[in-house]
Each structure stands twice: as structure tokens, then as C-alpha cells.
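Inspection log for the structure reproduced underneath, given as C-alpha cells.
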Amino acid sequence: MVETGHFALVLAFTLALVQSVLPLIGARTGNERMMVVGGPVAVTGFALTAVSFVALTIAYVQSDFSVLNVWQNSHSLKPLLYKITGTWGNHEGSMLLWVLILTLFGALVAVFGNNLPASLRANVLAVQGWIGAAFLLFILVTSNPFTRLTPAPIEGRDLNPILQDIGLAIHPPLLYLGYVGFSVCFSFAVAALMDGRIDAAWARWVRPWTLAAWMFLTGGVAMGSYWAYYELGWGGFWFWDPVENASILPWLSGTALLHSAIVMEKRAALKIWTLLLAILTFSLSLLGTFLVRSGVLTSVHAFATDPTRGVFILAILMIFIGGSLALFAWRASTLAAGGLFHPVSREGALVLNNLFLTTAAATVLIGTLYPLMVEAVAGEKISVGAPFFNMTFAPLMVPLLAVVPLGPLLAWKRGDLYAVAQRLVFAFGGALAAIMMTLFFIDGTSVLAAFGVGLAFWLIFGTLTDIALKSGVGSASLAVALRRFAGLPRSVYGTSFAHTGLGLTTLGIVAVGSLETEKIVTMRPGETLEISGYTLRYDGIYPLTGPNYTEDRGRFVYFDSSGNVLGEIVSSKRFYTARQMPTTEAGIATRGFSQIYVSLGDSTPDGAIVVRAWWKPLVTLIWIGAFVMMTGGAVSLFDRRLRVGAPSRRKHPIPDGANPSAP
């Protein structure tokens with residue numbers, strides 16, 4: 001099975017070369033037979049890559065230590081779930097998953113792209129073939145997951161203990177679906193530049209792919225944040241780690257691309273800018289791949305430290321980013337710029353959205369790459385940490401969030417800002433009430449926290465206002481308003497979900513960033529700790545033996561202010577014997593949308609233990625908001641208007657001679 005997987009990978013590379021050449025030649029010469037080759041080749045390439053991935057997964061499940069990759073990253077006593085997820089818990093396996101998802105998207109374009117113009121479809125599949133061939137060659141030359149060991153070891157070295165978690169089953173696949181999903185947008189952009197033609201129909205074709213990639217990347221970033229939050233025991237949800245930054249960069253530019261494509265589809269404006277964003281978004285995804293696998297970074301997220309692999313990926317990066325930008329520079333001047341609009345309009349609001357998002361992305365990119373450039377040029381090691389990003393990123397996000405409720409209420413081409421402000425008076429009143437309640441009842445000394453809470457509620461109430469106005473609330477009877485509400489396009493609901501989710505995430509970040517409580521104490525069995533109205537009693541350490549680790553569990557019982565027992569919190573320290581590595585498992589108790597978070601530190605000679613405890617108000621809203629944003633993306637994807645060339649069917653045929661436009 002292992003040799004079958006390797007052979008399938010070689011065949012997939014061969015087909016990727018065919019896919020990258022024949023459809024392109026067909027599109028240039030007008031040969032329809034050559035153009036249609038791309039479709040079945042893309043589907044077959046995906047099938048072969050899937051066979052290769054299944055072969056590697058079987059080797060992991062069966063603990064086949066004759067495979068070098070399995071020996072380095074697995075153990076016979078590891079639970080089955082972690083044997084499966086361990087397939088992509090390493091450099092070679094994660095790259096195979098990356099390519100599997102890439103070929104999947106190529107196959108989806110082939111299957112669902114029949115309504116595209118033949119030349120555009122052929123060019124898109126050819127560009128996907130270029131990307132696939134490059135990364136398949138990278139795997140076969142530098143990162144072969146099927147390399148054999150002779151003789152085969154009896155036992156494996158085990159997976160990195162930090163990765164032995166359910167988060168590995170969710171985070172990388174979601175993240176890669178987002179990263180690689182933007183490759184389709186990139187391919188559409190390059191194909192349009194090769195054809196020298198771009199119009200509103202192009203934006204209509206590319207927007208569902210952008211929306212799907214954005215939705216998955218949102219989930220991937222959020223899941224990575226939550227995984228780091230509960231697994232590392234440090235109490236935070238975002239560290240501004242360079243690899244974390246690499247995941248947020250394409251999300252920021254992808255969000256800008258999504259909004260820019262809307263302007264292009266509706267008003268045929270921002271054509272050149274949308275093309276550039278499509279190229280830059282996937283380029284940032286490739287940059288993230290390079291940072292994780294090049295060895296230039298030392299991070300808990302990094303997979304590889306081999307410079308040879310880094311040079312290979314850097315070459316891929318230069319070819320695709322440099323080549324696409326060169327093509328853009330050559331062809332952009334030949335494209336029509338698009339329609340004009342007044343600054344105060346929905347287009348203007350979306351342009352402002354793009355301005356802040358791309359500036360924020362540029363800020364994060366500079367802060368991430370600057371230490372690497374200084375080290376490469378001057379040989380000095382410097383660090384750019386959270387203070388820099390908090391001081392530069394947050395001020396850019398505040399005005400962006402402030403204008404979000406305005407955009408959907410402004411008219412296309414030319415809007416009335418005063419009329420929109422009047423419609424949002426209740427939303428503004430609700431936000432002001434939230435500020436006052438925060439100052440008077442929660443924390444009267446934190447003006448910034450109160451302002452942040454007000455901004456979050458401004459987003460939420462502004463979204464509700466938009467839905468209410470579109471439904472006719474206040475201008476029509478309740479029955480009519482309900483019918484209008486039920487008949488709103490799904491994309492309107494999707495936008496509302498996404499903006500509401502953004503408001504919830506903002507509220508969670510502001511609350512936990514400004515109002516959390518932390519205590520660090522040394523505790524002995526029977527002693528208690530007071531934190532934010534709760535009492536934690538430490539009951540002692542209890543040993544436990546897992547399948548491939550030993551564990552010391554600290555048990556805490558927590559009470560409310562009246563002395564009623566509410567439950568227990570278990571925080572532990574594990575030691576994985578094969579890897580000889582310790583990990584910390586945080587204990588978390590959720591109370592409403594808030595959490596009590598407990599992490600164990602070092603033991604003292606007299607039997608006590610250092611305990612770090614946090615009260616994190618509304619912290620779960622950070623990830624609930626991300627889930628709501630994903631839901632908005634999914635709802636929008638089901639909007640019939642995003643299905644290109646799929647008009648609604650009439651329930652009854654039109655009689656001969658009848659006027660189809662008559663009511």
C-alpha cells in the first residue's frame with residue numbers, strides 16, 4: 001500500500017503537468033479538444049492524490065514503522081484518533097494534505113465550472129495545474145512521506161505531545177481549506193489577465209470561491225486560537241506569533257477581496273484592484289506556507305527546519321508571486337478601470353473597508369518580516385511583540401468597525417449619509433447605553449473598555465437595524481414585515497450573520513482584554529483562592545496513567561459567593577515517555593459566556609504547587625462570533641444568485657405569445 005501511495009503521487013504529478021499545458025495551449029489556439037482535457041485530468045489528479053493520502057493514513061493507523069515518516073511521528077500506543085490526525089501532524093503529511101485540498105478545488109472547478117466560458121475554464125484549470133505540479137514536485141523531491149526504513153524499527157518516536165489533541169483534527173484542515181481555497185481566486189485572476197478581459201460576470205464567478213475560502217479560513221484561525229488558548233496553559237488567545245500572523249494576513253486581504261468583488265459584481269467598478277487583491281491574498285497564503293516550513297522561524301507552529309525545503313518553497317514563492325505580479329503589471333493597463341461612484345455611497349464604504357483592511361494587513365506583514373530582514377542583513381536578533389501589534393493594529397480596526405453598519409444602508413453610486421445616520425439612531429442609542437452600563441455597573445475606571453463594548457454593540461444593533469429596515473419594520477404591518485423578512489435574499493442574512501459575529505468577537509476581545517482578573521498563588525491541599533466572586537478549593541494532586549503518558553491531575557472544587565458547590569476543575573501536567581516531553585493541560589470551567597481558567601505551575605519542596613487562575617469575562621464570545629461569521633458565509637453560499645447561470649425555474653410554463661415580463 002505504501003508503494004501504491006508513492007506511485008499514485010508520481011502519477012498525480014504527471015497529470016498536473018498535463019493539466020498545466022494542454023488546456024493552456026487549447027485556449028491559445030482555440031482547440032476545444034485540448035481545452036476540455038483539463039476537466040477529467042483535474043478530477044483524476046485529485047483521485048490519485050486521495051489514494052496517496054489514504055495510503056499514508058493506513059500506514060499510520062497500522063503503525064507501519066518501516067515508513068520513516070510514521071516512525072518519526074507515531075507510536076503504537078497512541079490513541080486511534082491521534083494516529084489518524086498524526087498523518088498531517090508533520091511536515092511531509094501536512095504538505096500532502098495541502099496538495100490534496102489543492103487538487104480537490106481543481107476538481108470542483110472542473111465539475112462545477114461547466115457554465116464558464118471554455119477559454120476561461122481552461123486557463124483556470126491550467127493555473128491550478130501549475131500550482132499543483134510545483135508542490136507535488138516539492139513533495140517528491142524534498143518531502144517524500146513514503147521513504148522506507150530498513151530494517152524497520154520496533155517502535156516509533158511518537159507525535160509531538162502538543163499536537164496530540166482534537167484540535168489537530170480540526171485546525172489544519174480548516175486552515176488549509178482557506179489557504180488553498182484562495183488558489184482558485186488566484187487562478188481566476190491570472191486567467192483573466194491572460195485573456196485580457198474582466199467584467200462583472202468574472203466577479204460573479206469568483207465570489208463563491210472567495211466566500212468559501214474565507215469561511216474556512218475564519219474557522220481555521222479561530223480554532224487555532226482556541227487550541228492555543230486551552231492547550232498551552234498560558235491563558236491567552238492570541239500571541240502575535242509570526243506563524244499566527246501568517247494565518248491572519250490572508251484573512252484580512254481575503255475579507256477585502258470579498259467586499260471588493262461585491263462592488264465589481266454590482267457596479268462593474270474596482271476591477272483592477274480586485275484582480276490585485278486576488279493575487280495578493282493567495283500570495284500571502286503561500287508566504288504562510290513558507291514561514292512554517294522554511295526553518296526561518298522557531299515556533300510551536302513550525303513544522304520544518306530544513307533549509308533545502310525552505311529554498312525550494314522560496315523558489316515556488318518567487319515564481320508564482322513574481323510571475324503573477326509581472327503579468328499584472330503588463331496587462332493591467334489594458335483593462336478598463338470600471339464605473340465611477342460618489343465617495344458617499346455603498347461603493348465608497350466598501351473602498352474604505354478595503355483601505356483599512358489592507359493597511360492592517362501591511363502593518364502585520366511588516367511587523368512579522370522586519371525581524372527576519374534585520375537578522376538576514378545585520379545578523380542581529382530583534383523581536384517585534386504584542387505591544388507593537390496592539391498599538392498599530394487596533395487603531396486601524398476601530399474606524400473600520402465604526403463604519404461597518406453604515407455600508408449596507410447606503411445606496412449604490414450615491415448615498416445620503418444624513419439619512420443613514422437617522423436610520424441608525426436607535427443603534428447608536430443602544431451602543432451609548434452599553435457604554436453607560438459598562439461604566440456605571442462594571443468598571444467605571446476603564447473608559448477604553450466601555451468604548452470597546454459600545455463599538456461591539458454598535459455593530460450588532462446596526463446589523464439588526466439593517467434587517468429591520470429591509471423587512472419594512474415601522475413602515476408596514478407586522479404581517480407584511482414578517483413576509484418581507486422571510487423573503488429576504490440569503491446573502492442579506494449571510495451579511496447580517498457575518499457582521500453580528502464580528503460584533504460578538506469584538507465584545508469578547510474587549511471584555512477579556514480589559515476586564516479579566518488574574519491571580520498567581522502557591523496552594524496546598526485544602527487551601528482556597530478567591531477570584532471574581534468565586535472560591536476555588538485545591539484538593540490535591542492525583543496521578544493517572546494514560547495510553548502513552550503519565551499525568552498529575554490537580555483537582556479544584558469551585559463555589560459561588562453563597563458557598564454552593566458549582567462543580568470541579570481539573571488541571572494537569574502530563575509527561576510523554578516516548579518523546580520525554582511535558583505538557584500542561586489547563587482546567588476550564590465555563591459560566592455563561594465567561595470562564596474560570598486554572599493552570600498548574602511548578603511544585604515546591606514542601607508539597608505545595610504554584611497555581612495561576614484567571615477569570616475571563618465573555619471570552620467564549622471570541623470563538624462564538626467566529627462560528628457565527630462562518631455561518632454567515634455558509635448561508636450566503638446557498639443564495640441562488642451566487643450560482644452563476646442558474647436562474648430560478650418557473651413553476652408553470654409560459655403560454656405561447658405571452659409576455660414573460662408582464663406581472
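All residue names refer to the C-alpha cells as shown: chains lettered A, B, ... in order, residues numbered from 1 in each chain, ligands numbered from 1 in order.
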Region 160-167 of chain A environment, 6 Å, only C-alpha atoms, sequence neighbours closer than 3 positions dropped, as a PyMOL selection string:
chain A and resi 82+170-171+227
Using only C-alpha atoms, determine which residues lie at most 10 Å from Gly472 (chain A), disregarding the query and same-chain residues fewer than 2 positions distant; provide the list as an NGL selection string.
:A and (467-470 or 474-478 or 480-485)
Determine, counting only C-alpha atoms, which protein, DNA and RNA residues have an atom within 7 Å of an atom of region 534-550 of chain A; residues of the same chain fewer than 3 positions away are not included. Present the result as a PyMOL selection string.
chain A and resi 77-78+524-531+553-561+574-577
Residues near Leu258 (chain A), cut-off 12 Å, only C-alpha atoms, skip fewer than 3 positions along chain, as number ranges by chain:
A: 182, 185, 203-204, 206-215, 250-255, 261-265, 273-275, 277-278, 281, 350-351, 353-354, 357, 495, 633, 636
With DSSP run on the backbone, what are the alpha helix (DSSP H) residues within region 390-478 of chain A? I'd like them as a PyMOL selection string.
chain A and resi 390-403+417-423+425-437+447-471+478
For region 314-327 of chain A, find every residue with an atom within 9 Å (counting only C-alpha atoms), except residues of its own chain fewer than 3 positions away, and show them as a ChimeraX atom specification.
/A:131,134-135,138,186,189-190,193-194,276,279-280,282-283,286-287,290,294,309-311,330-332
Show which residues sit within 7 Å of region 618-623 of chain A, as a VMD selection string. Count only C-alpha atoms, and ignore same-chain residues fewer than 2 positions away.
chain A and resid 222 504 to 505 508 to 509 511 to 512 593 to 595 616 625 to 627
Would you mind listing what lies within 9 Å of Ile154 (chain A) as a PyMOL selection string, with only C-alpha atoms counted and same-chain residues fewer than 2 positions away left out?
chain A and resi 65-66+152+156
So which one's closest to Leu432 (chain A), A:Ala50, A:Met223, A:Leu417, A:Ala450? Using only C-alpha atoms, please.
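For Leu432 (chain A), the nearest of the given residues is A:Ala450.
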Measure the distance from CA of Ala191 (chain A) to CA of Val221 (chain A) in Å and round it to one decimal.
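We find that CA of Ala191 (chain A) and CA of Val221 (chain A) lie 29.0 Å from each other.
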Enter the distance from CA of Leu424 (chain A) to CA of Thr500 (chain A), in Å, rounded to one decimal.
15.4 Å
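Take CA of Leu174 (chain A) and CA of Ala361 (chain A): the distance between them is 20.8 Å.
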Using only C-alpha atoms, which residue out of A:Ile139, A:Ala246, A:Ala433, A:Leu270 lies closest to Leu455 (chain A)?
A:Ala433
